[in-house]
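Data from data_4.txt: compact mmCIF, C-alpha atoms and all ligand atoms
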```
# COMPACT_ATOMS: atom_id res chain seq x y z
CA MET B 1 69.15 172.61 76.33
CA ASP B 2 72.08 173.78 74.19
CA TYR B 3 75.24 173.53 76.19
CA SER B 4 77.60 173.90 73.21
CA ARG B 5 78.80 177.32 74.38
CA TYR B 6 80.34 175.51 77.32
CA ASP B 7 82.46 173.17 75.30
CA ARG B 8 85.37 174.54 73.34
CA VAL B 9 88.35 172.60 74.63
CA ARG B 10 89.34 169.39 72.84
CA ALA B 11 91.95 167.16 74.48
CA VAL B 12 91.94 164.41 71.82
CA ALA B 13 91.47 164.75 68.06
CA TRP B 14 91.98 162.28 65.18
CA THR B 15 93.48 164.14 62.20
CA GLY B 16 92.88 161.28 59.75
CA GLU B 17 96.53 160.29 59.88
CA ALA B 18 97.63 160.99 63.45
CA LEU B 19 96.32 161.46 66.98
CA ARG B 20 96.53 165.07 68.14
CA LEU B 21 96.76 165.49 71.90
CA LEU B 22 96.66 168.63 74.01
CA ASP B 23 99.62 168.09 76.34
CA GLN B 24 97.94 168.37 79.75
CA ARG B 25 101.26 168.29 81.57
CA LYS B 26 101.84 171.87 80.42
CA LEU B 27 98.42 173.40 81.17
CA PRO B 28 97.25 175.95 82.07
CA PHE B 29 100.09 178.24 81.04
CA THR B 30 101.04 176.47 77.80
CA GLN B 31 98.51 175.03 75.35
CA GLY B 32 100.83 172.71 73.42
CA PHE B 33 99.76 169.89 71.11
CA ILE B 34 101.60 166.76 70.07
CA GLU B 35 100.74 164.57 67.07
CA LEU B 36 101.39 160.85 67.37
CA ASP B 37 101.45 158.32 64.52
CA ASP B 38 102.50 155.25 66.53
CA SER B 39 100.46 153.15 68.98
CA ASP B 40 103.34 152.71 71.44
CA ALA B 41 103.77 156.49 71.53
CA VAL B 42 100.07 156.72 72.41
CA ALA B 43 100.58 154.18 75.21
CA LYS B 44 103.45 156.30 76.55
CA ALA B 45 101.36 159.48 76.30
CA ILE B 46 98.62 157.81 78.36
CA HIS B 47 101.11 156.61 80.99
CA ASP B 48 102.82 160.01 81.14
CA LEU B 49 99.47 161.84 81.54
CA VAL B 50 99.83 163.80 78.32
CA VAL B 51 96.23 162.67 77.97
CA ARG B 52 94.35 161.58 81.11
CA GLY B 53 90.83 161.05 82.34
CA ALA B 54 89.06 157.70 82.09
CA PRO B 55 86.98 158.34 78.92
CA ALA B 56 89.78 160.27 77.21
CA ILE B 57 92.31 157.47 77.68
CA GLY B 58 89.82 154.96 76.27
CA ILE B 59 89.32 157.16 73.21
CA ALA B 60 93.07 157.73 72.82
CA ALA B 61 93.74 153.98 73.07
CA ALA B 62 91.11 153.29 70.39
CA TRP B 63 92.85 155.66 67.99
CA GLY B 64 96.16 154.10 69.02
CA VAL B 65 94.88 150.78 67.65
CA VAL B 66 93.88 152.51 64.42
CA LEU B 67 97.44 153.86 64.18
CA ALA B 68 98.83 150.36 64.68
CA ALA B 69 96.57 149.12 61.88
CA ARG B 70 97.30 151.82 59.30
CA ASN B 71 99.95 149.92 57.33
CA LEU B 72 98.87 146.42 58.30
CA GLU B 73 98.18 143.87 55.53
CA ALA B 74 95.48 141.42 56.65
CA ALA B 75 92.86 139.51 54.70
CA ASP B 76 90.11 140.05 57.26
CA GLY B 77 89.35 141.25 60.75
CA PRO B 78 90.31 138.08 62.65
CA ALA B 79 93.71 138.08 60.95
CA ALA B 80 94.17 141.78 61.71
CA LEU B 81 93.22 141.15 65.34
CA VAL B 82 95.97 138.58 65.76
CA ALA B 83 98.51 141.02 64.36
CA LEU B 84 97.23 143.93 66.46
CA GLU B 85 96.99 142.08 69.78
CA PRO B 86 100.57 142.92 70.97
CA ALA B 87 99.99 146.64 70.39
CA MET B 88 96.61 146.40 72.14
CA GLN B 89 98.24 144.72 75.13
CA ARG B 90 100.81 147.49 75.39
CA LEU B 91 98.05 150.12 75.24
CA ASN B 92 96.08 148.26 77.90
CA ALA B 93 99.11 148.15 80.19
CA SER B 94 99.58 151.94 80.12
CA ARG B 95 97.28 152.57 83.13
CA PRO B 96 95.41 149.95 85.22
CA THR B 97 92.56 151.59 87.10
CA ALA B 98 90.22 153.22 84.58
CA VAL B 99 88.16 150.46 82.95
CA ASN B 100 87.45 152.64 79.90
CA LEU B 101 90.80 151.67 78.41
CA ALA B 102 90.08 147.93 78.47
CA TRP B 103 86.45 148.61 77.51
CA ALA B 104 87.47 150.47 74.35
CA LEU B 105 89.93 147.75 73.34
CA ALA B 106 87.25 145.09 73.90
CA ARG B 107 84.88 146.97 71.57
CA LEU B 108 87.54 147.04 68.85
CA ARG B 109 88.31 143.33 69.30
CA ALA B 110 84.61 142.53 68.94
CA VAL B 111 84.16 144.37 65.64
CA LEU B 112 87.44 143.05 64.21
CA SER B 113 86.47 139.46 65.08
CA ARG B 114 83.43 139.82 62.77
CA ALA B 115 84.95 142.01 60.02
CA GLY B 116 85.81 140.99 56.47
CA SER B 117 88.20 142.58 54.02
CA ASP B 118 86.89 146.04 54.97
CA TRP B 119 88.19 145.56 58.49
CA TYR B 120 90.21 148.80 58.58
CA ALA B 121 87.14 150.88 57.75
CA VAL B 122 85.16 148.96 60.39
CA LEU B 123 87.89 149.54 62.97
CA THR B 124 88.08 153.26 62.23
CA ALA B 125 84.30 153.62 62.35
CA GLU B 126 84.23 151.96 65.78
CA ALA B 127 86.88 154.33 67.12
CA GLU B 128 84.82 157.25 65.79
CA ALA B 129 81.70 155.80 67.43
CA ILE B 130 83.44 155.43 70.80
CA GLU B 131 84.38 159.11 70.69
CA ALA B 132 81.01 160.37 69.43
CA GLU B 133 79.03 158.28 71.92
CA ASP B 134 81.10 159.68 74.77
CA LEU B 135 80.27 163.27 73.84
CA ALA B 136 76.56 162.45 73.52
CA ALA B 137 76.65 160.64 76.86
CA ASN B 138 78.31 163.61 78.58
CA ARG B 139 75.67 166.02 77.35
CA ARG B 140 72.86 163.68 78.45
CA MET B 141 74.47 163.14 81.87
CA GLY B 142 74.85 166.89 82.28
CA GLY B 143 71.11 167.37 82.09
CA LEU B 144 70.29 164.34 84.25
CA GLY B 145 72.71 165.42 86.97
CA ALA B 146 71.67 169.06 86.88
CA ALA B 147 68.05 168.02 87.45
CA LEU B 148 69.08 166.69 90.88
CA ILE B 149 70.42 170.08 91.95
CA GLU B 150 68.10 172.51 93.75
CA PRO B 151 68.44 176.11 92.48
CA GLY B 152 70.81 178.15 94.61
CA SER B 153 73.06 175.16 95.39
CA GLY B 154 76.80 175.10 95.85
CA LEU B 155 78.90 172.34 94.29
CA LEU B 156 82.33 170.97 95.12
CA THR B 157 84.16 168.94 92.49
CA HIS B 158 87.43 167.01 92.55
CA CYS B 159 90.18 166.32 90.04
CA ASN B 160 89.33 167.11 86.40
CA THR B 161 86.32 165.57 84.74
CA GLY B 162 85.80 168.08 81.98
CA SER B 163 86.52 168.33 78.27
CA LEU B 164 90.15 167.52 79.09
CA ALA B 165 89.16 164.13 80.53
CA THR B 166 86.63 163.12 77.88
CA SER B 167 85.61 163.70 74.26
CA GLY B 168 84.16 167.03 75.39
CA PHE B 169 81.80 168.72 77.87
CA GLY B 170 82.82 166.36 80.67
CA THR B 171 81.19 164.08 83.18
CA ALA B 172 81.00 165.72 86.62
CA LEU B 173 82.10 168.98 85.05
CA GLY B 174 79.35 168.49 82.50
CA VAL B 175 76.87 168.51 85.37
CA VAL B 176 78.51 171.71 86.66
CA ARG B 177 78.22 173.25 83.17
CA ALA B 178 74.61 172.17 82.75
CA GLY B 179 73.70 173.25 86.28
CA VAL B 180 75.17 176.70 85.65
CA ALA B 181 73.49 176.94 82.24
CA GLU B 182 70.12 176.11 83.86
CA GLY B 183 70.62 178.65 86.64
CA ARG B 184 70.66 176.02 89.38
CA VAL B 185 74.22 176.50 90.63
CA ALA B 186 75.10 179.47 92.80
CA ARG B 187 78.64 178.50 93.84
CA VAL B 188 81.32 176.20 92.36
CA PHE B 189 84.33 175.05 94.31
CA ALA B 190 87.16 172.85 92.98
CA GLY B 191 89.75 170.98 94.99
CA GLU B 192 93.35 171.36 93.87
CA THR B 193 93.73 167.54 93.73
CA ARG B 194 97.24 166.92 94.94
CA PRO B 195 99.73 165.70 93.85
CA TRP B 196 99.16 166.16 90.07
CA ASN B 197 96.88 169.18 90.65
CA GLN B 198 94.24 168.30 88.05
CA GLY B 199 91.83 170.63 89.87
CA ALA B 200 94.21 173.55 90.27
CA ARG B 201 95.75 173.31 86.79
CA LEU B 202 92.91 171.95 84.69
CA THR B 203 89.42 172.27 86.19
CA VAL B 204 89.49 175.90 87.27
CA TRP B 205 91.14 176.73 83.93
CA GLU B 206 88.39 174.96 81.97
CA LEU B 207 85.72 176.77 83.97
CA LEU B 208 87.50 180.11 83.58
CA GLU B 209 87.55 179.52 79.80
CA ASP B 210 83.78 179.01 80.01
CA GLY B 211 83.26 182.15 82.05
CA ILE B 212 82.08 180.06 85.00
CA ASP B 213 83.08 181.53 88.36
CA ALA B 214 84.85 178.85 90.40
CA THR B 215 86.82 178.98 93.65
CA LEU B 216 89.87 176.80 94.17
CA ILE B 217 90.34 175.22 97.59
CA ALA B 218 93.07 173.12 99.13
CA ASP B 219 92.08 169.46 99.28
CA SER B 220 92.42 169.70 103.06
CA ALA B 221 89.82 172.52 103.19
CA ALA B 222 86.99 170.39 101.76
CA ALA B 223 85.50 169.18 105.06
CA HIS B 224 85.68 172.69 106.50
CA LEU B 225 83.88 173.99 103.40
CA MET B 226 81.12 171.39 103.84
CA ALA B 227 80.83 172.31 107.53
CA SER B 228 80.16 175.90 106.46
CA GLY B 229 77.02 174.88 104.56
CA ALA B 230 78.31 176.44 101.32
CA VAL B 231 77.94 173.25 99.26
CA GLN B 232 74.93 170.96 98.79
CA TRP B 233 76.57 168.45 96.45
CA VAL B 234 79.98 166.94 95.95
CA VAL B 235 80.07 166.04 92.22
CA VAL B 236 82.85 163.73 91.02
CA GLY B 237 83.73 161.47 88.11
CA ALA B 238 84.83 157.85 88.20
CA ASP B 239 87.43 155.54 86.74
CA ARG B 240 85.61 152.31 87.47
CA VAL B 241 82.20 151.52 89.02
CA THR B 242 81.98 147.87 90.08
CA ALA B 243 79.05 145.45 90.10
CA ASN B 244 78.06 146.41 93.65
CA GLY B 245 78.30 150.17 92.98
CA ASP B 246 81.72 150.82 94.55
CA VAL B 247 83.53 153.69 92.84
CA ALA B 248 87.24 154.02 92.03
CA ASN B 249 88.17 157.62 91.47
CA LYS B 250 90.98 160.09 92.02
CA ILE B 251 92.72 159.86 95.39
CA GLY B 252 90.88 162.02 97.90
CA THR B 253 87.41 161.05 96.67
CA LEU B 254 86.84 158.68 99.59
CA ALA B 255 87.63 161.44 102.09
CA LEU B 256 85.14 163.73 100.33
CA ALA B 257 82.45 161.04 100.47
CA LEU B 258 82.99 160.44 104.17
CA ALA B 259 82.84 164.16 104.96
CA ALA B 260 79.78 164.60 102.72
CA ARG B 261 77.92 161.86 104.57
CA HIS B 262 78.81 163.41 107.93
CA PHE B 263 77.66 166.90 106.91
CA GLY B 264 74.53 165.80 104.99
CA VAL B 265 75.95 166.87 101.61
CA GLY B 266 74.86 164.90 98.53
CA PHE B 267 77.54 162.78 96.85
CA MET B 268 77.01 162.51 93.10
CA VAL B 269 79.13 160.27 90.86
CA VAL B 270 78.87 161.07 87.14
CA ALA B 271 80.21 158.47 84.72
CA PRO B 272 79.22 157.00 81.35
CA SER B 273 78.35 153.30 81.17
CA SER B 274 81.80 152.75 79.63
CA THR B 275 83.10 153.26 83.19
CA VAL B 276 80.81 150.58 84.65
CA ASP B 277 82.51 147.21 85.10
CA LEU B 278 80.08 144.45 86.07
CA ASP B 279 82.88 141.90 85.70
CA THR B 280 84.55 143.31 88.82
CA ALA B 281 82.56 142.41 91.90
CA SER B 282 83.61 145.19 94.25
CA GLY B 283 86.13 147.93 94.86
CA ALA B 284 88.39 145.48 96.69
CA ASP B 285 89.13 143.88 93.32
CA ILE B 286 90.28 147.07 91.55
CA GLU B 287 93.98 147.58 90.88
CA ILE B 288 94.87 151.01 92.30
CA GLU B 289 97.56 152.73 90.28
CA GLU B 290 100.60 153.83 92.28
CA ARG B 291 102.71 156.42 90.51
CA ASP B 292 106.28 157.65 90.94
CA PRO B 293 106.75 159.10 94.47
CA ALA B 294 108.63 161.95 92.77
CA GLU B 295 105.18 163.38 91.91
CA LEU B 296 104.83 164.03 95.67
CA LEU B 297 108.43 164.98 96.37
CA THR B 298 108.73 167.66 93.68
CA HIS B 299 106.80 170.59 92.24
CA LEU B 300 107.38 171.63 88.63
CA GLY B 301 110.52 169.50 88.67
CA GLN B 302 111.90 171.18 91.78
CA ARG B 303 112.39 168.96 94.83
CA THR B 304 110.34 170.30 97.75
CA VAL B 305 111.13 167.59 100.33
CA ALA B 306 114.38 166.79 102.09
CA ASP B 307 116.54 164.17 100.42
CA GLY B 308 116.07 160.72 101.86
CA VAL B 309 112.36 161.19 102.58
CA LYS B 310 110.14 158.44 101.11
CA ALA B 311 106.64 158.93 99.67
CA TRP B 312 103.67 156.66 98.84
CA ASN B 313 101.68 157.82 95.81
CA PRO B 314 98.44 155.90 95.17
CA VAL B 315 96.48 158.02 92.67
CA PHE B 316 93.02 156.46 93.12
CA ASP B 317 90.89 155.29 96.01
CA VAL B 318 87.61 153.41 96.36
CA THR B 319 84.40 154.93 97.68
CA PRO B 320 81.98 152.25 98.91
CA ALA B 321 78.57 152.30 97.24
CA GLU B 322 76.79 153.10 100.51
CA LEU B 323 78.38 156.55 100.50
CA VAL B 324 77.06 157.38 96.99
CA SER B 325 73.83 159.38 96.91
CA ALA B 326 73.40 159.19 93.12
CA LEU B 327 75.22 157.55 90.22
CA VAL B 328 74.47 159.55 87.06
CA THR B 329 75.03 157.76 83.73
CA GLU B 330 73.68 158.27 80.23
CA ARG B 331 71.35 155.33 80.90
CA GLY B 332 69.77 157.14 83.82
CA VAL B 333 70.26 157.99 87.49
CA VAL B 334 70.78 155.23 90.05
CA LEU B 335 69.96 156.53 93.51
CA ARG B 336 71.96 154.89 96.31
CA PRO B 337 73.45 152.25 93.97
CA ASP B 338 73.80 148.64 95.07
CA ALA B 339 74.31 145.31 93.33
CA ASP B 340 70.63 144.94 92.48
CA SER B 341 70.18 148.41 90.99
CA MET B 342 73.49 148.09 89.12
CA ARG B 343 72.36 144.80 87.61
CA ARG B 344 68.96 146.22 86.68
CA THR B 345 70.48 149.29 85.04
CA PHE B 346 73.56 147.86 83.34
CA GLY B 347 73.03 144.12 83.18
CA ALA B 348 72.77 142.38 79.79
C1 LIG M 401 85.94 161.84 83.59
S1 LIG M 401 87.58 161.51 84.08
C2 LIG M 401 87.42 160.33 85.29
C3 LIG M 401 88.57 160.33 86.29
O1 LIG M 401 89.90 160.26 85.69
C4 LIG M 401 90.78 161.10 86.47
O2 LIG M 401 92.00 160.47 86.79
P1 LIG M 401 93.38 160.90 86.02
O3 LIG M 401 93.43 162.39 85.97
O4 LIG M 401 94.49 160.28 86.89
O5 LIG M 401 93.29 160.23 84.68
C5 LIG M 401 90.00 161.35 87.72
O6 LIG M 401 90.05 160.21 88.59
C6 LIG M 401 88.63 161.55 87.15
O7 LIG M 401 87.61 161.60 88.10
```

Would you mind writing the structure in this file as structure tokens?
Amino acid sequence: MDYSRYDRVRAVAWTGEALRLLDQRKLPFTQGFIELDDSDAVAKAIHDLVVRGAPAIGIAAAWGVVLAARNLEAADGPAALVALEPAMQRLNASRPTAVNLAWALARLRAVLSRAGSDWYAVLTAEAEAIEAEDLAANRRMGGLGAALIEPGSGLLTHCNTGSLATSGFGTALGVVRAGVAEGRVARVFAGETRPWNQGARLTVWELLEDGIDATLIADSAAAHLMASGAVQWVVVGADRVTANGDVANKIGTLALALAARHFGVGFMVVAPSSTVDLDTASGADIEIEERDPAELLTHLGQRTVADGVKAWNPVFDVTPAELVSALVTERGVVLRPDADSMRRTFGA
């Protein structure tokens, strides 16, 4: 099915000489772009959430390496790799939880290690492939996830997993788009996703741009919404899926999974295989990013909490595999994922 009408926003674009980013800190009221020609500036943009979303930060980091390589003199790929390693380390350090960042850098290291004098062309082609494969994966996952949804269903999604978080179309939001396009989805709800408000500022804006009717809810209203029977699936993205099927995702995902299990609502995780990390045994081994408490203590730069009050700001949590009804990837759907099914689906 042609979903292209649902996909007009582009968060990341390579201009041939620079990386053009839609500054997501300013959405939805300002659509401002910045163009970066330096890999350390890309690392800062990832850390500062100019660009965010697991696949999108992997793609941005890949182009950051290309920027670091643009004026590099090296006889072959292995020599270029030695010279590029410090910049790659700084890109990798920009955010710890989404495995897509390290995954993209590993792909570039692999091609450089085998490249000859044409190493810059090989590097650039790999960055282009990472981006193109992500878009193809999102469109395939959209159809696979939508097929799980009974017509007339209501969906609840969390954070932003759309074109702003990927190369386009989205992961969980791709399933929402495909489900709507196929006439299977009757109601769409989106959680605001405190404290950075990816849902309130980004997801409902993306869906509005698509002409998809979505209702914003407070994060704290999600269980009450499920109790009402209005939703049949919670559909979320992921930042890292471990070897046993545990899922790291935006803070609040675990609470949604627990409530979904209690109320008999399906819990669908939608993520490309670039988010699967078989080298990490379980969710207990994932580094959970903690961001500046000021993100909780202020709103639009205005302090909203009394001086002297502390805050704790973990921005991801881990949903155990046993709470996942379906893991949708471009390689197929894993129902009730566990170590065995993860190994069968993603193992070498
Ligand atoms: C398809 S995006 C995956 C994932 O990334 C988001 O986190 P952030 O906005 O902090 O980069 C969120 O956890 C999404 O589910």

Around the point (72.6, 163.9, 86.4) in the file's coordinates, collect all residues with an atom within 9 Å, using all atoms listed in the file, and return them as a count of residues only.
22

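With only C-alpha atoms as the atoms that count, the residue of B:Cys159, B:Ala294, B:Ala11, B:Ala339 with the shortest distance to Asn249 in chain B is B:Cys159.
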
Please return as JSON, numbers by chain the residues found within 6 Å of ligand LIG 401 (chain M), counting only C-alpha atoms and all ligand atoms.
{"B": [52, 53, 54, 55, 159, 160, 161, 165, 166, 171, 236, 237, 238, 239, 249, 250]}

Would you write out those residues with C-alpha atoms, as a PDB file, in the frame of the given file?
```pdb
ATOM      1  CA  ARG B  52      94.350 161.580  81.110  1.00  0.00           C
ATOM      2  CA  GLY B  53      90.830 161.050  82.340  1.00  0.00           C
ATOM      3  CA  ALA B  54      89.060 157.700  82.090  1.00  0.00           C
ATOM      4  CA  PRO B  55      86.980 158.340  78.920  1.00  0.00           C
ATOM      5  CA  CYS B 159      90.180 166.320  90.040  1.00  0.00           C
ATOM      6  CA  ASN B 160      89.330 167.110  86.400  1.00  0.00           C
ATOM      7  CA  THR B 161      86.320 165.570  84.740  1.00  0.00           C
ATOM      8  CA  ALA B 165      89.160 164.130  80.530  1.00  0.00           C
ATOM      9  CA  THR B 166      86.630 163.120  77.880  1.00  0.00           C
ATOM     10  CA  THR B 171      81.190 164.080  83.180  1.00  0.00           C
ATOM     11  CA  VAL B 236      82.850 163.730  91.020  1.00  0.00           C
ATOM     12  CA  GLY B 237      83.730 161.470  88.110  1.00  0.00           C
ATOM     13  CA  ALA B 238      84.830 157.850  88.200  1.00  0.00           C
ATOM     14  CA  ASP B 239      87.430 155.540  86.740  1.00  0.00           C
ATOM     15  CA  ASN B 249      88.170 157.620  91.470  1.00  0.00           C
ATOM     16  CA  LYS B 250      90.980 160.090  92.020  1.00  0.00           C
TER      17      LYS B 250
END
```

Considering all atoms listed in the file, return as JSON, numbers by chain whatever protein or nucleic-acid residues lie within 12 Å of Gly58 in chain B, sequence-local ones (same chain, fewer than 6 positions apart) excluded.
{"B": [12, 42, 43, 46, 51, 52, 64, 65, 88, 91, 92, 94, 95, 96, 97, 98, 99, 100, 101, 102, 103, 104, 105, 106, 107, 108, 127, 128, 130, 131, 134, 165, 166, 167, 239, 272, 274, 275]}

Which of these residues is nearest to Glu17 in chain B, using all atoms listed in the file: B:Leu67, B:Ile34, B:Leu164, B:Ala271?
B:Leu67

Computed interatomic separation between CA of Ala230 in chain B and CA of Asp246 in chain B (Å):
26.7 Å

If you measure from CA of Arg201 in chain B to CA of Ala260 in chain B, what distance in Å do you get, rounded to one decimal?
24.2 Å

Neighbours of Ala214 in chain B within 8 Å (all atoms listed in the file; same-chain residues fewer than 5 positions away dropped), as a list in words?
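Final neighbour list, sorted by chain and number: Arg187, Val188, Phe189, Ala190, Val204, Leu207 and Leu208 of chain B.
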
Can you list, as a PDB file with C-alpha atoms, keeping the file's coordinate frame, every protein, DNA or RNA residue that comes within 12 Å of Asp292 in chain B when you count all atoms listed in the file, leaving out same-chain residues fewer than 6 positions away?
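part23.pdb, written as the output of this step:
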```
ATOM      1  CA  HIS B  47     101.110 156.610  80.990  1.00  0.00           C
ATOM      2  CA  ASP B  48     102.820 160.010  81.140  1.00  0.00           C
ATOM      3  CA  PRO B 195      99.730 165.700  93.850  1.00  0.00           C
ATOM      4  CA  TRP B 196      99.160 166.160  90.070  1.00  0.00           C
ATOM      5  CA  THR B 298     108.730 167.660  93.680  1.00  0.00           C
ATOM      6  CA  LYS B 310     110.140 158.440 101.110  1.00  0.00           C
ATOM      7  CA  ALA B 311     106.640 158.930  99.670  1.00  0.00           C
ATOM      8  CA  TRP B 312     103.670 156.660  98.840  1.00  0.00           C
ATOM      9  CA  ASN B 313     101.680 157.820  95.810  1.00  0.00           C
ATOM     10  CA  PRO B 314      98.440 155.900  95.170  1.00  0.00           C
ATOM     11  CA  VAL B 315      96.480 158.020  92.670  1.00  0.00           C
TER      12      VAL B 315
END
```

Within 12 Å of Leu22 in chain B using all atoms listed in the file, minus same-chain residues under 2 positions, as number ranges by chain:
B: 9-14, 19-20, 24-28, 30-36, 45-46, 49-52, 56, 60, 163-165, 202

Near Asp219 in chain B, within 10 Å and counting only C-alpha atoms, which residues show up once chain neighbours fewer than 3 positions away are dropped, as a ChimeraX atom specification?
/B:158-159,190-194,197,199,216,222-223,252-253,255-256

With 3 Å added on each side, what axis-aligned box encloses every listed atom of range 17-23 of chain B? Give the centre and edge lengths in Å to one decimal, as lines of an AutoDock Vina configuration file.
```
center_x = 98.0
center_y = 164.5
center_z = 68.1
size_x = 9.3
size_y = 14.3
size_z = 22.5
```

Calculated over all atoms listed in the file, which of the candidates B:Val276, B:Ile286, B:Ala83, B:Val111 has the smallest distance to Ala129 in chain B?
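Checking each of B:Val276, B:Ile286, B:Ala83, B:Val111 against Ala129 in chain B, counting all atoms listed in the file, the winner is B:Val111.
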